[in-house]
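This is entry-v2.pdb (PDB, C-alpha atoms, pLDDT in the B column).
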MODEL        1
ATOM      1  CA  MET A1366     -17.085   8.536 -16.426  1.00 55.00           C
ATOM      2  CA  ILE A1367     -18.393   8.009 -12.881  1.00 53.00           C
ATOM      3  CA  ARG A1368     -16.285  10.947 -11.677  1.00 52.00           C
ATOM      4  CA  GLU A1369     -17.812  13.143 -14.384  1.00 55.00           C
ATOM      5  CA  ALA A1370     -21.290  11.999 -13.430  1.00 49.00           C
ATOM      6  CA  VAL A1371     -20.611  12.769  -9.755  1.00 44.00           C
ATOM      7  CA  VAL A1372     -19.220  16.203 -10.633  1.00 45.00           C
ATOM      8  CA  LEU A1373     -22.273  16.936 -12.775  1.00 52.00           C
ATOM      9  CA  MET A1374     -24.554  15.643 -10.055  1.00 53.00           C
ATOM     10  CA  VAL A1375     -22.889  17.739  -7.334  1.00 46.00           C
ATOM     11  CA  LYS A1376     -22.900  20.835  -9.560  1.00 54.00           C
ATOM     12  CA  GLY A1377     -26.566  20.233 -10.351  1.00 55.00           C
ATOM     13  CA  GLU A1378     -27.400  19.749  -6.689  1.00 54.00           C
ATOM     14  CA  ARG A1379     -25.600  22.990  -5.763  1.00 53.00           C
ATOM     15  CA  ARG A1380     -27.372  24.876  -8.543  1.00 53.00           C
ATOM     16  CA  ILE A1381     -30.760  23.535  -7.508  1.00 51.00           C
ATOM     17  CA  ARG A1382     -30.135  24.448  -3.842  1.00 49.00           C
ATOM     18  CA  TYR A1383     -29.073  27.966  -4.833  1.00 48.00           C
ATOM     19  CA  LEU A1384     -32.100  28.483  -7.019  1.00 46.00           C
ATOM     20  CA  TYR A1385     -34.427  27.083  -4.397  1.00 46.00           C
ATOM     21  CA  GLN A1386     -32.900  29.235  -1.676  1.00 50.00           C
ATOM     22  CA  GLN A1387     -33.307  32.330  -3.866  1.00 49.00           C
ATOM     23  CA  LYS A1388     -36.975  31.433  -4.319  1.00 46.00           C
ATOM     24  CA  PHE A1389     -36.739  31.251  -8.079  1.00 44.00           C
ATOM     25  CA  ALA A1390     -39.392  28.600  -8.276  1.00 49.00           C
ATOM     26  CA  ASN A1391     -39.677  28.861 -12.050  1.00 53.00           C
ATOM     27  CA  ALA A1392     -35.969  28.243 -12.552  1.00 50.00           C
ATOM     28  CA  PHE A1393     -36.145  25.335 -10.109  1.00 48.00           C
ATOM     29  CA  ASN A1394     -39.058  23.795 -11.977  1.00 53.00           C
ATOM     30  CA  LEU A1395     -37.225  24.304 -15.275  1.00 52.00           C
ATOM     31  CA  SER A1396     -34.192  22.441 -13.882  1.00 53.00           C
ATOM     32  CA  VAL A1397     -36.429  19.593 -12.753  1.00 50.00           C
ATOM     33  CA  MET A1398     -38.033  19.430 -16.204  1.00 54.00           C
ATOM     34  CA  LYS A1399     -34.606  19.289 -17.844  1.00 57.00           C
ATOM     35  CA  LEU A1400     -33.649  16.444 -15.535  1.00 52.00           C
ATOM     36  CA  ARG A1401     -36.796  14.592 -16.621  1.00 54.00           C
ATOM     37  CA  GLN A1402     -35.711  14.879 -20.246  1.00 54.00           C
ATOM     38  CA  VAL A1403     -32.502  12.954 -19.561  1.00 50.00           C
ATOM     39  CA  LYS A1404     -32.546   9.310 -20.635  1.00 48.00           C
ATOM     40  CA  ILE A1405     -33.982   7.105 -17.919  1.00 49.00           C
ATOM     41  CA  HIS A1406     -30.897   4.872 -17.590  1.00 48.00           C
ATOM     42  CA  TRP A1407     -28.727   7.895 -16.744  1.00 54.00           C
ATOM     43  CA  VAL A1408     -31.221   9.017 -14.130  1.00 49.00           C
ATOM     44  CA  LEU A1409     -31.286   5.552 -12.609  1.00 53.00           C
ATOM     45  CA  ALA A1410     -27.481   5.388 -12.674  1.00 54.00           C
ATOM     46  CA  LEU A1411     -27.266   8.763 -10.951  1.00 51.00           C
ATOM     47  CA  ILE A1412     -29.832   7.730  -8.338  1.00 56.00           C
ATOM     48  CA  VAL A1413     -27.882   4.558  -7.566  1.00 53.00           C
ATOM     49  CA  LEU A1414     -24.609   6.481  -7.496  1.00 51.00           C
ATOM     50  CA  THR A1415     -26.136   9.102  -5.197  1.00 53.00           C
ATOM     51  CA  CYS A1416     -27.316   6.410  -2.804  1.00 49.00           C
ATOM     52  CA  ILE A1417     -23.936   4.738  -2.770  1.00 53.00           C
ATOM     53  CA  LEU A1418     -21.999   7.963  -2.325  1.00 48.00           C
ATOM     54  CA  SER A1419     -24.321   9.360   0.304  1.00 48.00           C
ATOM     55  CA  GLY A1420     -23.850   6.125   2.232  1.00 48.00           C
ATOM     56  CA  PHE A1421     -20.128   6.908   2.289  1.00 44.00           C
ATOM     57  CA  GLY A1422     -20.818  10.495   3.307  1.00 40.00           C
ATOM     58  CA  ILE A1423     -19.455  12.147   0.157  1.00 40.00           C
ATOM     59  CA  ILE A1424     -22.598  14.013  -0.888  1.00 38.00           C
ATOM     60  CA  ALA A1425     -23.433  15.038   2.662  1.00 38.00           C
ATOM     61  CA  GLY A1426     -19.971  16.577   2.977  1.00 38.00           C
ATOM     62  CA  SER A1427     -18.952  14.389   5.875  1.00 34.00           C
ATOM     63  CA  ARG A1428     -15.683  12.520   6.005  1.00 35.00           C
ATOM     64  CA  MET A1429     -15.556   9.181   4.196  1.00 37.00           C
ATOM     65  CA  ASN A1430     -15.343   6.166   6.445  1.00 36.00           C
ATOM     66  CA  VAL A1431     -12.410   4.654   4.548  1.00 38.00           C
ATOM     67  CA  ALA A1432      -9.125   3.653   6.096  1.00 38.00           C
ATOM     68  CA  ILE A1433      -5.896   4.781   4.511  1.00 40.00           C
ATOM     69  CA  LEU A1434      -3.188   2.643   5.912  1.00 43.00           C
ATOM     70  CA  GLY A1435       0.371   3.627   6.720  1.00 48.00           C
ATOM     71  CA  SER A1436       2.450   0.548   6.723  1.00 54.00           C
ATOM     72  CA  GLY A1437       5.677  -1.255   7.225  1.00 69.00           C
ATOM     73  CA  GLY A1438       7.122  -4.551   8.244  1.00 68.00           C
ATOM     74  CA  ASN A1439      10.355  -5.953   9.556  1.00 64.00           C
ATOM     75  CA  ILE A1440      12.087  -8.856   7.865  1.00 67.00           C
ATOM     76  CA  LYS A1441      13.426 -11.604  10.095  1.00 67.00           C
ATOM     77  CA  VAL A1442      15.545 -14.242   8.407  1.00 66.00           C
ATOM     78  CA  ASP A1443      17.094 -17.562   9.341  1.00 73.00           C
ATOM     79  CA  GLY A1444      19.604 -19.112   6.941  1.00 83.00           C
ATOM     80  CA  VAL A1445      18.758 -16.694   4.146  1.00 90.00           C
ATOM     81  CA  GLY A1446      19.547 -13.156   3.103  1.00 90.00           C
ATOM     82  CA  VAL A1447      16.896 -10.818   1.722  1.00 91.00           C
ATOM     83  CA  TYR A1448      18.112  -8.146  -0.660  1.00 92.00           C
ATOM     84  CA  ASN A1449      16.869  -5.210  -2.677  1.00 92.00           C
ATOM     85  CA  ASP A1450      18.928  -6.049  -5.771  1.00 95.00           C
ATOM     86  CA  ARG A1451      19.813  -9.051  -7.887  1.00 94.00           C
ATOM     87  CA  ASN A1452      23.525  -8.778  -6.923  1.00 95.00           C
ATOM     88  CA  CYS A1453      22.614  -9.114  -3.228  1.00 93.00           C
ATOM     89  CA  SER A1454      24.511  -5.960  -2.336  1.00 94.00           C
ATOM     90  CA  VAL A1455      21.697  -4.039  -0.563  1.00 91.00           C
ATOM     91  CA  SER A1456      20.321  -6.005   2.382  1.00 89.00           C
ATOM     92  CA  LEU A1457      16.680  -5.482   3.400  1.00 86.00           C
ATOM     93  CA  THR A1458      15.512  -5.479   7.001  1.00 84.00           C
ATOM     94  CA  TYR A1459      12.335  -3.436   6.553  1.00 86.00           C
ATOM     95  CA  LEU A1460       9.575  -3.384   3.934  1.00 87.00           C
ATOM     96  CA  ASN A1461       7.626  -0.209   3.249  1.00 89.00           C
ATOM     97  CA  TRP A1462       4.271  -1.214   1.776  1.00 88.00           C
ATOM     98  CA  GLY A1463       3.314   2.385   1.068  1.00 86.00           C
ATOM     99  CA  THR A1464      -0.148   3.828   1.500  1.00 85.00           C
ATOM    100  CA  LEU A1465      -2.860   1.214   1.183  1.00 87.00           C
ATOM    101  CA  GLU A1466      -6.609   1.525   0.916  1.00 88.00           C
ATOM    102  CA  PRO A1467      -9.402  -1.024   1.240  1.00 90.00           C
ATOM    103  CA  GLU A1468      -9.344  -3.641  -1.521  1.00 91.00           C
ATOM    104  CA  SER A1469      -5.825  -2.684  -2.585  1.00 91.00           C
ATOM    105  CA  VAL A1470      -2.758  -4.795  -3.284  1.00 94.00           C
ATOM    106  CA  SER A1471       0.885  -3.861  -2.827  1.00 93.00           C
ATOM    107  CA  ASN A1472       3.788  -5.804  -4.334  1.00 95.00           C
ATOM    108  CA  ILE A1473       7.449  -5.702  -3.317  1.00 93.00           C
ATOM    109  CA  THR A1474      10.080  -7.623  -5.250  1.00 95.00           C
ATOM    110  CA  VAL A1475      12.986  -8.961  -3.202  1.00 94.00           C
ATOM    111  CA  TYR A1476      15.933 -11.258  -3.851  1.00 95.00           C
ATOM    112  CA  ILE A1477      16.365 -14.117  -1.408  1.00 92.00           C
ATOM    113  CA  ARG A1478      19.646 -15.974  -1.172  1.00 92.00           C
ATOM    114  CA  ASN A1479      20.213 -19.306   0.562  1.00 91.00           C
ATOM    115  CA  GLU A1480      23.084 -18.440   2.866  1.00 89.00           C
ATOM    116  CA  GLY A1481      23.296 -21.852   4.473  1.00 86.00           C
ATOM    117  CA  ASN A1482      25.710 -24.621   3.536  1.00 88.00           C
ATOM    118  CA  GLN A1483      23.155 -27.073   2.134  1.00 91.00           C
ATOM    119  CA  ALA A1484      20.335 -27.020  -0.405  1.00 93.00           C
ATOM    120  CA  ALA A1485      17.054 -25.837   1.068  1.00 91.00           C
ATOM    121  CA  THR A1486      13.531 -24.624   0.331  1.00 93.00           C
ATOM    122  CA  LEU A1487      12.124 -21.357   1.610  1.00 92.00           C
ATOM    123  CA  PHE A1488       9.233 -20.784   4.000  1.00 89.00           C
ATOM    124  CA  MET A1489       7.526 -17.513   4.867  1.00 89.00           C
ATOM    125  CA  VAL A1490       5.071 -16.399   7.522  1.00 89.00           C
ATOM    126  CA  ALA A1491       3.687 -13.037   8.684  1.00 89.00           C
ATOM    127  CA  ASP A1492       3.733 -12.615  12.468  1.00 88.00           C
ATOM    128  CA  ASN A1493       3.487 -10.012  15.244  1.00 90.00           C
ATOM    129  CA  TRP A1494       0.743  -7.971  13.572  1.00 92.00           C
ATOM    130  CA  ASN A1495       0.189  -4.555  15.112  1.00 90.00           C
ATOM    131  CA  PRO A1496      -2.640  -3.960  15.726  1.00 91.00           C
ATOM    132  CA  THR A1497      -3.394  -7.627  16.248  1.00 91.00           C
ATOM    133  CA  ASN A1498      -6.664  -7.474  14.272  1.00 92.00           C
ATOM    134  CA  ALA A1499      -4.808  -6.269  11.140  1.00 91.00           C
ATOM    135  CA  SER A1500      -4.298  -9.901  10.143  1.00 92.00           C
ATOM    136  CA  ASN A1501      -8.104 -10.224   9.880  1.00 93.00           C
ATOM    137  CA  TYR A1502      -8.093  -7.697   7.038  1.00 93.00           C
ATOM    138  CA  MET A1503      -4.729  -8.268   5.351  1.00 93.00           C
ATOM    139  CA  SER A1504      -2.929 -11.240   3.917  1.00 94.00           C
ATOM    140  CA  LEU A1505       0.633 -11.744   2.782  1.00 94.00           C
ATOM    141  CA  SER A1506       1.546 -14.090  -0.066  1.00 96.00           C
ATOM    142  CA  TRP A1507       4.437 -14.625  -2.456  1.00 95.00           C
ATOM    143  CA  ASN A1508       5.147 -16.161  -5.831  1.00 97.00           C
ATOM    144  CA  TYR A1509       7.927 -18.506  -4.642  1.00 96.00           C
ATOM    145  CA  ASP A1510       7.387 -21.867  -6.337  1.00 94.00           C
ATOM    146  CA  GLY A1511       9.067 -24.128  -3.748  1.00 93.00           C
ATOM    147  CA  LYS A1512      12.240 -24.632  -5.798  1.00 94.00           C
ATOM    148  CA  MET A1513      15.175 -26.102  -3.875  1.00 95.00           C
ATOM    149  CA  LEU A1514      17.961 -23.503  -3.621  1.00 94.00           C
ATOM    150  CA  SER A1515      21.609 -24.511  -3.584  1.00 94.00           C
ATOM    151  CA  PRO A1516      23.944 -22.756  -1.119  1.00 92.00           C
ATOM    152  CA  MET A1517      24.443 -19.104  -2.185  1.00 93.00           C
ATOM    153  CA  GLU A1518      21.757 -19.415  -4.909  1.00 95.00           C
ATOM    154  CA  THR A1519      19.423 -16.420  -5.254  1.00 95.00           C
ATOM    155  CA  VAL A1520      15.783 -16.335  -6.300  1.00 96.00           C
ATOM    156  CA  GLU A1521      13.651 -13.307  -7.226  1.00 97.00           C
ATOM    157  CA  VAL A1522      10.406 -13.299  -5.224  1.00 96.00           C
ATOM    158  CA  THR A1523       7.437 -10.912  -5.220  1.00 97.00           C
ATOM    159  CA  LEU A1524       5.745 -10.440  -1.865  1.00 94.00           C
ATOM    160  CA  THR A1525       2.094  -9.374  -2.126  1.00 96.00           C
ATOM    161  CA  LEU A1526       0.104  -7.708   0.631  1.00 94.00           C
ATOM    162  CA  SER A1527      -3.660  -7.713  -0.015  1.00 94.00           C
ATOM    163  CA  VAL A1528      -6.131  -5.563   1.921  1.00 92.00           C
ATOM    164  CA  SER A1529      -9.737  -6.609   2.417  1.00 93.00           C
ATOM    165  CA  PRO A1530     -12.495  -4.281   1.182  1.00 92.00           C
ATOM    166  CA  ASN A1531     -13.989  -4.566   4.688  1.00 91.00           C
ATOM    167  CA  VAL A1532     -10.969  -3.185   6.579  1.00 89.00           C
ATOM    168  CA  GLU A1533     -11.956  -0.830   9.369  1.00 85.00           C
ATOM    169  CA  ASN A1534     -10.395   1.035  12.267  1.00 84.00           C
ATOM    170  CA  ILE A1535      -6.806   0.533  11.103  1.00 85.00           C
ATOM    171  CA  VAL A1536      -4.771   3.617  10.288  1.00 83.00           C
ATOM    172  CA  ASP A1537      -1.216   2.337  10.797  1.00 86.00           C
ATOM    173  CA  PHE A1538       0.004  -1.211  10.938  1.00 87.00           C
ATOM    174  CA  SER A1539       3.159  -3.260  11.045  1.00 89.00           C
ATOM    175  CA  PHE A1540       4.106  -6.914  11.062  1.00 89.00           C
ATOM    176  CA  ASP A1541       7.144  -9.140  10.747  1.00 88.00           C
ATOM    177  CA  VAL A1542       7.841 -11.139   7.596  1.00 89.00           C
ATOM    178  CA  ILE A1543       9.720 -14.225   8.700  1.00 88.00           C
ATOM    179  CA  ILE A1544      11.603 -16.088   5.970  1.00 88.00           C
ATOM    180  CA  THR A1545      13.485 -19.251   6.775  1.00 86.00           C
ATOM    181  CA  VAL A1546      14.890 -22.359   5.088  1.00 86.00           C
ATOM    182  CA  ASN A1547      14.220 -26.036   5.567  1.00 81.00           C
ATOM    183  CA  GLY A1548      17.034 -28.269   4.358  1.00 58.00           C
TER     184      GLY A1548
ENDMDL
END
Could you spell out this file's structure in structure tokens?
Amino acid sequence: MIREAVVLMVKGERRIRYLYQQKFANAFNLSVMKLRQVKIHWVLALIVLTCILSGFGIIAGSRMNVAILGSGGNIKVDGVGVYNDRNCSVSLTYLNWGTLEPESVSNITVYIRNEGNQAATLFMVADNWNPTNASNYMSLSWNYDGKMLSPMETVEVTLTLSVSPNVENIVDFSFDVIITVNG
């Protein structure tokens, strides 16, 4: 609905500019009168939307000041294996988070196997952020519940990378996901 309102607003703005430039003052005044006949809440909504969008540079035709992030991350493991499949046949060493935008979330499901010889719990940390300020705008979490894993036991885990709505000046990033065990 907002997209339709923006399209209508942009089309209306283009039409009004054309008519004004062609010096059809009567047609311009008629357009203004038609706009006045629209319900007041729609006019207010369009005014607010115009202000918001012009702040981002959409109406003015300038480029939006929004980061689209290319991404990836290495997996470093100690005492565990990280796999793409439940059978632990496709080992993972790199995570591709895809294209991320401000206020977005990306999930990757992995299978982690305790490859040590004693029961252990898992620990995870994100490190070596590039650029270093990326960690100010992004956070990594997972749904691992702290369950003790027996040797060669596998657990399905979803890693979640969240991007702040305030991210700025980051086009590409990378970081290491370090997963280890504590017996």
| said: Given the PyMOL selection byres ((chain A and resi 1508-1521) around 8) and the file above, list the residues it selects as a list in words. | reply: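 Taken on the displayed file, the PyMOL selection byres ((chain A and resi 1508-1521) around 8) yields the residues Arg1451, Thr1474, Val1475, Tyr1476, Ile1477, Arg1478, Asn1479, Glu1480, Gly1481, Asn1482, Gln1483, Ala1484, Ala1485, Thr1486, Leu1487, Ser1506, Trp1507, Val1522, Thr1523 and Leu1524 of chain A.
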| task | Run the PyMOL selection byres ((chain A and resi 1498) around 12) against the file shown and list the residues it catches, as JSON, numbers by chain. | result | {"A": [1492, 1493, 1494, 1495, 1496, 1497, 1499, 1500, 1501, 1502, 1503, 1504, 1532, 1533, 1534, 1535, 1536, 1537, 1538, 1539, 1540]}
| task | Tell me, as a PyMOL selection string, which residues lie within 12 Å of Val1542 of chain A, counting only C-alpha atoms; anything in the same chain fewer than 2 positions away does not count. | result | chain A and resi 1437-1443+1447+1457-1461+1488-1494+1504-1507+1524-1526+1539-1540+1544-1545
Kindly save the residues from that selection, with C-alpha atoms included, as a PDB file, in the frame of the given file.
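Result file out03.pdb:
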ATOM      1  CA  GLY A1437       5.677  -1.255   7.225  1.00 69.00           C
ATOM      2  CA  GLY A1438       7.122  -4.551   8.244  1.00 68.00           C
ATOM      3  CA  ASN A1439      10.355  -5.953   9.556  1.00 64.00           C
ATOM      4  CA  ILE A1440      12.087  -8.856   7.865  1.00 67.00           C
ATOM      5  CA  LYS A1441      13.426 -11.604  10.095  1.00 67.00           C
ATOM      6  CA  VAL A1442      15.545 -14.242   8.407  1.00 66.00           C
ATOM      7  CA  ASP A1443      17.094 -17.562   9.341  1.00 73.00           C
ATOM      8  CA  VAL A1447      16.896 -10.818   1.722  1.00 91.00           C
ATOM      9  CA  LEU A1457      16.680  -5.482   3.400  1.00 86.00           C
ATOM     10  CA  THR A1458      15.512  -5.479   7.001  1.00 84.00           C
ATOM     11  CA  TYR A1459      12.335  -3.436   6.553  1.00 86.00           C
ATOM     12  CA  LEU A1460       9.575  -3.384   3.934  1.00 87.00           C
ATOM     13  CA  ASN A1461       7.626  -0.209   3.249  1.00 89.00           C
ATOM     14  CA  PHE A1488       9.233 -20.784   4.000  1.00 89.00           C
ATOM     15  CA  MET A1489       7.526 -17.513   4.867  1.00 89.00           C
ATOM     16  CA  VAL A1490       5.071 -16.399   7.522  1.00 89.00           C
ATOM     17  CA  ALA A1491       3.687 -13.037   8.684  1.00 89.00           C
ATOM     18  CA  ASP A1492       3.733 -12.615  12.468  1.00 88.00           C
ATOM     19  CA  ASN A1493       3.487 -10.012  15.244  1.00 90.00           C
ATOM     20  CA  TRP A1494       0.743  -7.971  13.572  1.00 92.00           C
ATOM     21  CA  SER A1504      -2.929 -11.240   3.917  1.00 94.00           C
ATOM     22  CA  LEU A1505       0.633 -11.744   2.782  1.00 94.00           C
ATOM     23  CA  SER A1506       1.546 -14.090  -0.066  1.00 96.00           C
ATOM     24  CA  TRP A1507       4.437 -14.625  -2.456  1.00 95.00           C
ATOM     25  CA  LEU A1524       5.745 -10.440  -1.865  1.00 94.00           C
ATOM     26  CA  THR A1525       2.094  -9.374  -2.126  1.00 96.00           C
ATOM     27  CA  LEU A1526       0.104  -7.708   0.631  1.00 94.00           C
ATOM     28  CA  SER A1539       3.159  -3.260  11.045  1.00 89.00           C
ATOM     29  CA  PHE A1540       4.106  -6.914  11.062  1.00 89.00           C
ATOM     30  CA  ILE A1544      11.603 -16.088   5.970  1.00 88.00           C
ATOM     31  CA  THR A1545      13.485 -19.251   6.775  1.00 86.00           C
TER      32      THR A1545
END
Output as AutoDock Vina command-line options the centre and edge lengths (Å, one decimal) of the box along x, y and z of the file that holds every listed atom of segment 1478-1494 of chain A after adding 6 Å on each side.
--center_x 13.2 --center_y -17.5 --center_z 7.0 --size_x 37.0 --size_y 31.1 --size_z 28.4
| message | Could you check the closest approach to Ile1473 of chain A for each of A:Asn1547, A:Ser1527, A:Ser1454, A:Val1445 and tell me which residue wins, using only C-alpha atoms? | response |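 For Ile1473 of chain A, the nearest of the given residues is A:Ser1527.
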How would you write, as a short mmCIF file (atom, residue, chain, number, x, y, z; two decimals) with C-alpha atoms, in the frame of the given file, the residues chosen by the PyMOL selection byres ((chain A and resi 1468) around 7) on this structure?
data_model
loop_
_atom_site.label_atom_id
_atom_site.label_comp_id
_atom_site.auth_asym_id
_atom_site.auth_seq_id
_atom_site.Cartn_x
_atom_site.Cartn_y
_atom_site.Cartn_z
CA GLU A 1466 -6.61 1.52 0.92
CA PRO A 1467 -9.40 -1.02 1.24
CA SER A 1469 -5.82 -2.68 -2.58
CA VAL A 1470 -2.76 -4.80 -3.28
CA VAL A 1528 -6.13 -5.56 1.92
CA SER A 1529 -9.74 -6.61 2.42
CA PRO A 1530 -12.50 -4.28 1.18
#
